[in-house]
$ cat query.pdb   # PDB, C-alpha atoms, pLDDT in the B column
ATOM      1  CA  MET F   1     -37.177  -5.712  17.512  1.00 70.00           C
ATOM      2  CA  ASN F   2     -35.184  -8.285  19.460  1.00 83.00           C
ATOM      3  CA  SER F   3     -31.542  -9.231  19.615  1.00 88.00           C
ATOM      4  CA  SER F   4     -31.859 -12.125  17.151  1.00 89.00           C
ATOM      5  CA  PHE F   5     -33.222  -9.748  14.506  1.00 87.00           C
ATOM      6  CA  ILE F   6     -30.342  -7.331  15.084  1.00 89.00           C
ATOM      7  CA  LEU F   7     -27.861 -10.200  14.775  1.00 93.00           C
ATOM      8  CA  TYR F   8     -29.573 -11.360  11.569  1.00 92.00           C
ATOM      9  CA  LEU F   9     -29.479  -7.857  10.142  1.00 92.00           C
ATOM     10  CA  SER F  10     -25.805  -7.386  11.074  1.00 94.00           C
ATOM     11  CA  ARG F  11     -24.836 -10.717   9.563  1.00 96.00           C
ATOM     12  CA  HIS F  12     -26.805 -10.048   6.380  1.00 95.00           C
ATOM     13  CA  THR F  13     -25.163  -6.621   6.062  1.00 96.00           C
ATOM     14  CA  LEU F  14     -21.665  -8.082   6.405  1.00 97.00           C
ATOM     15  CA  GLU F  15     -22.433 -10.886   3.946  1.00 96.00           C
ATOM     16  CA  THR F  16     -23.769  -8.418   1.383  1.00 96.00           C
ATOM     17  CA  THR F  17     -20.732  -6.180   1.817  1.00 96.00           C
ATOM     18  CA  LEU F  18     -18.384  -9.121   1.318  1.00 96.00           C
ATOM     19  CA  LEU F  19     -20.350 -10.352  -1.683  1.00 96.00           C
ATOM     20  CA  VAL F  20     -20.312  -6.949  -3.381  1.00 96.00           C
ATOM     21  CA  SER F  21     -16.649  -6.202  -2.691  1.00 96.00           C
ATOM     22  CA  ALA F  22     -15.265  -9.680  -3.450  1.00 96.00           C
ATOM     23  CA  PRO F  23     -14.846  -9.343  -7.250  1.00 96.00           C
ATOM     24  CA  ILE F  24     -12.897  -6.093  -6.955  1.00 96.00           C
ATOM     25  CA  LEU F  25     -10.750  -7.280  -4.054  1.00 96.00           C
ATOM     26  CA  LEU F  26      -9.929 -10.590  -5.724  1.00 97.00           C
ATOM     27  CA  THR F  27      -9.033  -8.780  -8.939  1.00 96.00           C
ATOM     28  CA  CYS F  28      -6.659  -6.472  -7.063  1.00 95.00           C
ATOM     29  CA  VAL F  29      -4.997  -9.429  -5.343  1.00 96.00           C
ATOM     30  CA  VAL F  30      -4.545 -11.445  -8.539  1.00 96.00           C
ATOM     31  CA  VAL F  31      -3.264  -8.498 -10.579  1.00 95.00           C
ATOM     32  CA  GLY F  32      -0.982  -7.451  -7.718  1.00 93.00           C
ATOM     33  CA  VAL F  33       0.590 -10.909  -7.496  1.00 94.00           C
ATOM     34  CA  VAL F  34       1.065 -11.128 -11.267  1.00 94.00           C
ATOM     35  CA  VAL F  35       2.651  -7.666 -11.455  1.00 92.00           C
ATOM     36  CA  THR F  36       4.881  -8.398  -8.469  1.00 90.00           C
ATOM     37  CA  LEU F  37       6.082 -11.624 -10.067  1.00 92.00           C
ATOM     38  CA  PHE F  38       6.724  -9.767 -13.323  1.00 91.00           C
ATOM     39  CA  GLN F  39       8.702  -7.107 -11.457  1.00 89.00           C
ATOM     40  CA  ALA F  40      10.706  -9.724  -9.597  1.00 88.00           C
ATOM     41  CA  VAL F  41      11.604 -11.523 -12.826  1.00 91.00           C
ATOM     42  CA  THR F  42      12.504  -8.403 -14.800  1.00 88.00           C
ATOM     43  CA  SER F  43      13.924  -6.292 -11.910  1.00 85.00           C
ATOM     44  CA  ILE F  44      11.719  -3.348 -12.904  1.00 83.00           C
ATOM     45  CA  ARG F  45      10.776  -1.202  -9.885  1.00 81.00           C
ATOM     46  CA  ASP F  46       8.394   1.349 -11.359  1.00 82.00           C
ATOM     47  CA  MET F  47       5.410   2.357  -9.191  1.00 79.00           C
ATOM     48  CA  THR F  48       3.172   3.081 -12.170  1.00 79.00           C
ATOM     49  CA  LEU F  49       3.639  -0.517 -13.254  1.00 82.00           C
ATOM     50  CA  THR F  50       1.811  -1.622 -10.110  1.00 84.00           C
ATOM     51  CA  ILE F  51      -0.979   0.963 -10.098  1.00 90.00           C
ATOM     52  CA  VAL F  52      -2.022   1.203 -13.753  1.00 91.00           C
ATOM     53  CA  PRO F  53      -2.779  -2.527 -14.307  1.00 92.00           C
ATOM     54  CA  LYS F  54      -4.792  -2.641 -11.081  1.00 93.00           C
ATOM     55  CA  LEU F  55      -6.833   0.386 -12.097  1.00 94.00           C
ATOM     56  CA  LEU F  56      -7.486  -1.060 -15.550  1.00 95.00           C
ATOM     57  CA  ALA F  57      -8.423  -4.468 -14.152  1.00 96.00           C
ATOM     58  CA  VAL F  58     -10.743  -2.956 -11.536  1.00 96.00           C
ATOM     59  CA  GLY F  59     -12.395  -0.849 -14.234  1.00 96.00           C
ATOM     60  CA  VAL F  60     -13.007  -3.914 -16.401  1.00 97.00           C
ATOM     61  CA  VAL F  61     -14.369  -5.904 -13.442  1.00 97.00           C
ATOM     62  CA  MET F  62     -16.669  -3.020 -12.504  1.00 96.00           C
ATOM     63  CA  LEU F  63     -17.991  -2.917 -16.077  1.00 96.00           C
ATOM     64  CA  ILE F  64     -18.555  -6.673 -16.111  1.00 96.00           C
ATOM     65  CA  CYS F  65     -20.002  -7.042 -12.589  1.00 95.00           C
ATOM     66  CA  GLY F  66     -21.683  -3.647 -12.296  1.00 94.00           C
ATOM     67  CA  GLY F  67     -25.198  -4.840 -13.105  1.00 95.00           C
ATOM     68  CA  TRP F  68     -24.966  -7.783 -10.745  1.00 96.00           C
ATOM     69  CA  THR F  69     -23.550  -5.574  -7.976  1.00 96.00           C
ATOM     70  CA  LEU F  70     -26.359  -3.067  -8.424  1.00 96.00           C
ATOM     71  CA  ASP F  71     -28.915  -5.889  -8.299  1.00 97.00           C
ATOM     72  CA  VAL F  72     -27.482  -7.239  -5.026  1.00 96.00           C
ATOM     73  CA  ILE F  73     -27.414  -3.782  -3.441  1.00 97.00           C
ATOM     74  CA  LEU F  74     -30.976  -3.009  -4.578  1.00 97.00           C
ATOM     75  CA  ARG F  75     -32.316  -6.303  -3.188  1.00 96.00           C
ATOM     76  CA  PHE F  76     -30.586  -5.614   0.124  1.00 96.00           C
ATOM     77  CA  THR F  77     -31.921  -2.054   0.238  1.00 95.00           C
ATOM     78  CA  ASN F  78     -35.468  -3.177  -0.535  1.00 95.00           C
ATOM     79  CA  GLU F  79     -35.248  -5.780   2.225  1.00 93.00           C
ATOM     80  CA  ILE F  80     -33.996  -3.195   4.720  1.00 92.00           C
ATOM     81  CA  PHE F  81     -36.764  -0.740   3.776  1.00 91.00           C
ATOM     82  CA  GLY F  82     -39.290  -3.576   4.124  1.00 90.00           C
ATOM     83  CA  HIS F  83     -38.070  -4.205   7.663  1.00 86.00           C
ATOM     84  CA  ILE F  84     -38.195  -0.499   8.456  1.00 85.00           C
ATOM     85  CA  GLN F  85     -41.763  -0.356   7.155  1.00 84.00           C
ATOM     86  CA  ASN F  86     -42.754  -3.276   9.422  1.00 83.00           C
ATOM     87  CA  ILE F  87     -41.157  -1.642  12.470  1.00 78.00           C
ATOM     88  CA  GLY F  88     -42.662   1.792  11.881  1.00 68.00           C
ATOM     89  CA  PRO F  89     -45.561   3.234  13.889  1.00 66.00           C
TER      90      PRO F  89
END
$ encode --input "query.pdb" --output "C-alpha coordinates"
Amino acid sequence: MNSSFILYLSRHTLETTLLVSAPILLTCVVVGVVVTLFQAVTSIRDMTLTIVPKLLAVGVVMLICGGWTLDVILRFTNEIFGHIQNIGP
(Lines of atoms letter the chains of each structure in order from A and count residues from 1; the text may use other names and numbers.)
(Lines give C-alpha, C1' and ligand atoms only; values in the text may rest on other atoms or scores of the structure.)
Protein backbone atom coordinates (compact mmCIF):
# COMPACT_ATOMS: atom_id res chain seq x y z
CA MET A 1 0.00 0.00 0.00
CA ASN A 2 1.56 3.27 -1.11
CA SER A 3 0.71 6.91 -0.60
CA SER A 4 -1.13 7.27 -3.92
CA PHE A 5 -3.52 4.48 -2.92
CA ILE A 6 -4.18 6.13 0.44
CA LEU A 7 -4.85 9.44 -1.31
CA TYR A 8 -7.20 7.69 -3.76
CA LEU A 9 -9.03 5.98 -0.92
CA SER A 10 -9.34 9.23 1.06
CA ARG A 11 -10.63 11.13 -1.95
CA HIS A 12 -13.11 8.39 -2.84
CA THR A 13 -14.36 8.33 0.76
CA LEU A 14 -14.92 12.09 0.80
CA GLU A 15 -16.64 12.03 -2.60
CA THR A 16 -18.97 9.24 -1.49
CA THR A 17 -19.78 11.07 1.73
CA LEU A 18 -20.59 14.25 -0.18
CA LEU A 19 -22.65 12.35 -2.73
CA VAL A 20 -24.71 10.57 -0.07
CA SER A 21 -25.29 13.64 2.10
CA ALA A 22 -25.97 16.14 -0.71
CA PRO A 23 -29.72 15.50 -1.18
CA ILE A 24 -30.47 15.92 2.52
CA LEU A 25 -28.24 18.97 2.95
CA LEU A 26 -29.63 20.69 -0.14
CA THR A 27 -33.18 19.99 1.03
CA CYS A 28 -32.44 21.54 4.43
CA VAL A 29 -30.94 24.63 2.79
CA VAL A 30 -33.83 25.14 0.36
CA VAL A 31 -36.53 24.57 2.98
CA GLY A 32 -34.67 26.79 5.45
CA VAL A 33 -34.49 29.67 2.97
CA VAL A 34 -38.16 29.32 2.03
CA VAL A 35 -39.28 29.22 5.67
CA THR A 36 -37.06 32.17 6.55
CA LEU A 37 -38.51 34.21 3.70
CA PHE A 38 -42.02 33.25 4.81
CA GLN A 39 -41.22 34.31 8.37
CA ALA A 40 -39.74 37.59 7.20
CA VAL A 41 -42.82 38.39 5.13
CA THR A 42 -45.37 37.43 7.78
CA SER A 43 -43.36 38.45 10.90
CA ILE A 44 -44.00 35.06 12.50
CA ARG A 45 -41.15 34.02 14.82
CA ASP A 46 -42.14 30.52 15.89
CA MET A 47 -39.32 27.97 16.24
CA THR A 48 -41.53 25.02 15.34
CA LEU A 49 -42.22 26.69 12.02
CA THR A 50 -38.55 26.26 11.12
CA ILE A 51 -38.02 22.73 12.44
CA VAL A 52 -41.18 20.88 11.38
CA PRO A 53 -40.98 21.65 7.62
CA LYS A 54 -37.30 20.66 7.57
CA LEU A 55 -38.03 17.37 9.30
CA LEU A 56 -40.90 16.61 6.92
CA ALA A 57 -38.84 17.53 3.86
CA VAL A 58 -35.86 15.46 5.01
CA GLY A 59 -38.18 12.51 5.64
CA VAL A 60 -39.63 12.75 2.14
CA VAL A 61 -36.16 13.06 0.57
CA MET A 62 -34.95 10.05 2.56
CA LEU A 63 -37.92 8.03 1.30
CA ILE A 64 -37.29 9.10 -2.29
CA CYS A 65 -33.47 8.78 -2.29
CA GLY A 66 -33.13 5.95 0.22
CA GLY A 67 -32.65 3.18 -2.33
CA TRP A 68 -30.11 5.15 -4.31
CA THR A 69 -28.23 6.10 -1.14
CA LEU A 70 -28.12 2.48 -0.02
CA ASP A 71 -26.84 1.44 -3.45
CA VAL A 72 -24.02 4.01 -3.34
CA ILE A 73 -23.00 2.99 0.17
CA LEU A 74 -23.08 -0.72 -0.70
CA ARG A 75 -20.93 -0.21 -3.81
CA PHE A 76 -18.43 1.78 -1.76
CA THR A 77 -18.38 -0.85 0.99
CA ASN A 78 -17.87 -3.68 -1.50
CA GLU A 79 -14.99 -1.77 -3.09
CA ILE A 80 -13.36 -1.18 0.30
CA PHE A 81 -13.73 -4.85 1.27
CA GLY A 82 -12.25 -5.81 -2.12
CA HIS A 83 -9.21 -3.67 -1.37
CA ILE A 84 -8.91 -5.14 2.10
CA GLN A 85 -9.06 -8.64 0.62
CA ASN A 86 -6.23 -7.77 -1.81
CA ILE A 87 -4.06 -6.35 0.98
CA GLY A 88 -4.61 -9.25 3.37
CA PRO A 89 -2.01 -11.94 4.11
$ residues_around --input "query.pdb" --residues "Ile51 of chain F" --least-positions-apart "3" --cutoff "12 Å" --atoms "all atoms listed in the file" --output "list in words"
Cys28, Val31, Gly32, Val35, Thr36, Arg45, Asp46, Met47, Thr48, Lys54, Leu55, Leu56, Ala57 and Val58 of chain F
$ atom_distance --input "query.pdb" --atom1 "atom CA of Thr17 of chain F" --atom2 "atom CA of Ile73 of chain F"
8.8 Å
$ atom_distance --input "query.pdb" --atom1 "atom CA of His83 of chain F" --atom2 "atom CA of Glu15 of chain F"
17.4 Å
$ closest_residue --input "query.pdb" --among "F:Val33, F:Ala40, F:Leu70, F:Val60" --to "Thr16 of chain F" --atoms "only C-alpha atoms"
F:Leu70
$ axis_aligned_box --input "query.pdb" --around "segment 11-20 of chain F" --padding-each-side "8 Å" --output "lines of an AutoDock Vina configuration file"
center_x = -22.6
center_y = -8.5
center_z = 3.1
size_x = 24.4
size_y = 20.7
size_z = 28.9
$ closest_atom_pairs --input "query.pdb" --of "segment 8-52 of chain F" --to "segment 78-82 of chain F" --cutoff "12 Å" --atoms "only C-alpha atoms" --output "CSV"
residue,atom,partner,partner_atom,distance
F:Tyr8,CA,F:Ile80,CA,11.5
F:Leu9,CA,F:Ile80,CA,8.5
F:Ser10,CA,F:Ile80,CA,11.2
F:His12,CA,F:Ile80,CA,10.1
F:Thr13,CA,F:Ile80,CA,9.6
F:Thr16,CA,F:Glu79,CA,11.8
$ atom_distance --input "query.pdb" --atom1 "atom CA of Gly66 of chain F" --atom2 "atom CA of Val20 of chain F"
9.6 Å
$ residues_around --input "query.pdb" --residues "Leu18 of chain F" --least-positions-apart "6" --cutoff "12 Å" --atoms "all atoms listed in the file" --output "list in words"
Arg11, His12, Ile24, Leu25, Leu26, Thr69, Val72 and Ile73 of chain F
$ build_atoms --input "query.pdb" --residues "segment 67-78 of chain F" --atoms "all heavy atoms" --output "PDB file, keeping the file's coordinate frame"
ATOM      1  N   GLY F  67     -23.769  -4.546 -13.153  1.00 95.00           N
ATOM      2  CA  GLY F  67     -25.198  -4.840 -13.105  1.00 95.00           C
ATOM      3  C   GLY F  67     -25.551  -5.789 -11.978  1.00 95.00           C
ATOM      4  O   GLY F  67     -26.550  -5.600 -11.269  1.00 95.00           O
ATOM      5  N   TRP F  68     -24.737  -6.821 -11.824  1.00 96.00           N
ATOM      6  CA  TRP F  68     -24.966  -7.783 -10.745  1.00 96.00           C
ATOM      7  C   TRP F  68     -24.817  -7.114  -9.382  1.00 96.00           C
ATOM      8  O   TRP F  68     -25.626  -7.345  -8.472  1.00 96.00           O
ATOM      9  CB  TRP F  68     -23.982  -8.942 -10.881  1.00 96.00           C
ATOM     10  CG  TRP F  68     -23.998  -9.861  -9.721  1.00 96.00           C
ATOM     11  CD1 TRP F  68     -24.910 -10.836  -9.459  1.00 96.00           C
ATOM     12  CD2 TRP F  68     -23.062  -9.873  -8.641  1.00 96.00           C
ATOM     13  NE1 TRP F  68     -24.595 -11.456  -8.283  1.00 96.00           N
ATOM     14  CE2 TRP F  68     -23.464 -10.881  -7.765  1.00 96.00           C
ATOM     15  CE3 TRP F  68     -21.930  -9.132  -8.343  1.00 96.00           C
ATOM     16  CZ2 TRP F  68     -22.768 -11.174  -6.595  1.00 96.00           C
ATOM     17  CZ3 TRP F  68     -21.237  -9.421  -7.188  1.00 96.00           C
ATOM     18  CH2 TRP F  68     -21.654 -10.425  -6.324  1.00 96.00           C
ATOM     19  N   THR F  69     -23.778  -6.276  -9.231  1.00 96.00           N
ATOM     20  CA  THR F  69     -23.550  -5.574  -7.976  1.00 96.00           C
ATOM     21  C   THR F  69     -24.728  -4.664  -7.650  1.00 96.00           C
ATOM     22  O   THR F  69     -25.207  -4.634  -6.502  1.00 96.00           O
ATOM     23  CB  THR F  69     -22.249  -4.747  -8.060  1.00 96.00           C
ATOM     24  OG1 THR F  69     -21.166  -5.617  -8.354  1.00 96.00           O
ATOM     25  CG2 THR F  69     -21.985  -4.010  -6.774  1.00 96.00           C
ATOM     26  N   LEU F  70     -25.208  -3.942  -8.633  1.00 96.00           N
ATOM     27  CA  LEU F  70     -26.359  -3.067  -8.424  1.00 96.00           C
ATOM     28  C   LEU F  70     -27.592  -3.872  -8.029  1.00 96.00           C
ATOM     29  O   LEU F  70     -28.355  -3.460  -7.148  1.00 96.00           O
ATOM     30  CB  LEU F  70     -26.628  -2.256  -9.684  1.00 96.00           C
ATOM     31  CG  LEU F  70     -27.735  -1.223  -9.596  1.00 96.00           C
ATOM     32  CD1 LEU F  70     -27.397  -0.165  -8.552  1.00 96.00           C
ATOM     33  CD2 LEU F  70     -27.967  -0.580 -10.945  1.00 96.00           C
ATOM     34  N   ASP F  71     -27.789  -5.034  -8.643  1.00 97.00           N
ATOM     35  CA  ASP F  71     -28.915  -5.889  -8.299  1.00 97.00           C
ATOM     36  C   ASP F  71     -28.837  -6.361  -6.852  1.00 97.00           C
ATOM     37  O   ASP F  71     -29.845  -6.339  -6.127  1.00 97.00           O
ATOM     38  CB  ASP F  71     -28.965  -7.078  -9.250  1.00 97.00           C
ATOM     39  CG  ASP F  71     -30.174  -7.950  -9.025  1.00 97.00           C
ATOM     40  OD1 ASP F  71     -31.292  -7.395  -8.951  1.00 97.00           O
ATOM     41  OD2 ASP F  71     -30.013  -9.182  -8.935  1.00 97.00           O
ATOM     42  N   VAL F  72     -27.658  -6.780  -6.411  1.00 96.00           N
ATOM     43  CA  VAL F  72     -27.482  -7.239  -5.026  1.00 96.00           C
ATOM     44  C   VAL F  72     -27.750  -6.097  -4.047  1.00 96.00           C
ATOM     45  O   VAL F  72     -28.451  -6.277  -3.042  1.00 96.00           O
ATOM     46  CB  VAL F  72     -26.059  -7.818  -4.818  1.00 96.00           C
ATOM     47  CG1 VAL F  72     -25.774  -8.069  -3.352  1.00 96.00           C
ATOM     48  CG2 VAL F  72     -25.884  -9.088  -5.624  1.00 96.00           C
ATOM     49  N   ILE F  73     -27.221  -4.923  -4.336  1.00 97.00           N
ATOM     50  CA  ILE F  73     -27.414  -3.782  -3.441  1.00 97.00           C
ATOM     51  C   ILE F  73     -28.882  -3.361  -3.403  1.00 97.00           C
ATOM     52  O   ILE F  73     -29.416  -3.036  -2.331  1.00 97.00           O
ATOM     53  CB  ILE F  73     -26.504  -2.611  -3.866  1.00 97.00           C
ATOM     54  CG1 ILE F  73     -25.045  -2.968  -3.617  1.00 97.00           C
ATOM     55  CG2 ILE F  73     -26.867  -1.336  -3.118  1.00 97.00           C
ATOM     56  CD1 ILE F  73     -24.063  -1.967  -4.172  1.00 97.00           C
ATOM     57  N   LEU F  74     -29.562  -3.381  -4.557  1.00 97.00           N
ATOM     58  CA  LEU F  74     -30.976  -3.009  -4.578  1.00 97.00           C
ATOM     59  C   LEU F  74     -31.843  -4.014  -3.819  1.00 97.00           C
ATOM     60  O   LEU F  74     -32.774  -3.619  -3.102  1.00 97.00           O
ATOM     61  CB  LEU F  74     -31.464  -2.867  -6.013  1.00 97.00           C
ATOM     62  CG  LEU F  74     -31.015  -1.618  -6.744  1.00 97.00           C
ATOM     63  CD1 LEU F  74     -31.471  -1.644  -8.193  1.00 97.00           C
ATOM     64  CD2 LEU F  74     -31.532  -0.370  -6.059  1.00 97.00           C
ATOM     65  N   ARG F  75     -31.568  -5.301  -3.957  1.00 96.00           N
ATOM     66  CA  ARG F  75     -32.316  -6.303  -3.188  1.00 96.00           C
ATOM     67  C   ARG F  75     -32.113  -6.104  -1.692  1.00 96.00           C
ATOM     68  O   ARG F  75     -33.063  -6.177  -0.914  1.00 96.00           O
ATOM     69  CB  ARG F  75     -31.901  -7.722  -3.591  1.00 96.00           C
ATOM     70  CG  ARG F  75     -32.650  -8.222  -4.793  1.00 96.00           C
ATOM     71  CD  ARG F  75     -32.390  -9.690  -5.050  1.00 96.00           C
ATOM     72  NE  ARG F  75     -31.075  -9.809  -5.697  1.00 96.00           N
ATOM     73  CZ  ARG F  75     -30.136 -10.677  -5.338  1.00 96.00           C
ATOM     74  NH1 ARG F  75     -30.344 -11.500  -4.341  1.00 96.00           N
ATOM     75  NH2 ARG F  75     -28.990 -10.723  -5.969  1.00 96.00           N
ATOM     76  N   PHE F  76     -30.875  -5.839  -1.290  1.00 96.00           N
ATOM     77  CA  PHE F  76     -30.586  -5.614   0.124  1.00 96.00           C
ATOM     78  C   PHE F  76     -31.305  -4.362   0.626  1.00 96.00           C
ATOM     79  O   PHE F  76     -31.906  -4.371   1.701  1.00 96.00           O
ATOM     80  CB  PHE F  76     -29.072  -5.480   0.337  1.00 96.00           C
ATOM     81  CG  PHE F  76     -28.689  -5.157   1.743  1.00 96.00           C
ATOM     82  CD1 PHE F  76     -28.777  -6.108   2.737  1.00 96.00           C
ATOM     83  CD2 PHE F  76     -28.240  -3.892   2.077  1.00 96.00           C
ATOM     84  CE1 PHE F  76     -28.426  -5.815   4.041  1.00 96.00           C
ATOM     85  CE2 PHE F  76     -27.891  -3.582   3.370  1.00 96.00           C
ATOM     86  CZ  PHE F  76     -27.990  -4.546   4.355  1.00 96.00           C
ATOM     87  N   THR F  77     -31.270  -3.299  -0.159  1.00 95.00           N
ATOM     88  CA  THR F  77     -31.921  -2.054   0.238  1.00 95.00           C
ATOM     89  C   THR F  77     -33.430  -2.227   0.350  1.00 95.00           C
ATOM     90  O   THR F  77     -34.054  -1.741   1.302  1.00 95.00           O
ATOM     91  CB  THR F  77     -31.588  -0.936  -0.771  1.00 95.00           C
ATOM     92  OG1 THR F  77     -30.171  -0.803  -0.863  1.00 95.00           O
ATOM     93  CG2 THR F  77     -32.189   0.384  -0.354  1.00 95.00           C
ATOM     94  N   ASN F  78     -34.029  -2.928  -0.609  1.00 95.00           N
ATOM     95  CA  ASN F  78     -35.468  -3.177  -0.535  1.00 95.00           C
ATOM     96  C   ASN F  78     -35.828  -4.002   0.695  1.00 95.00           C
ATOM     97  O   ASN F  78     -36.855  -3.762   1.337  1.00 95.00           O
ATOM     98  CB  ASN F  78     -35.958  -3.872  -1.802  1.00 95.00           C
ATOM     99  CG  ASN F  78     -36.011  -2.927  -2.978  1.00 95.00           C
ATOM    100  OD1 ASN F  78     -36.174  -1.727  -2.816  1.00 95.00           O
ATOM    101  ND2 ASN F  78     -35.867  -3.477  -4.174  1.00 95.00           N
TER     102      ASN F  78
END
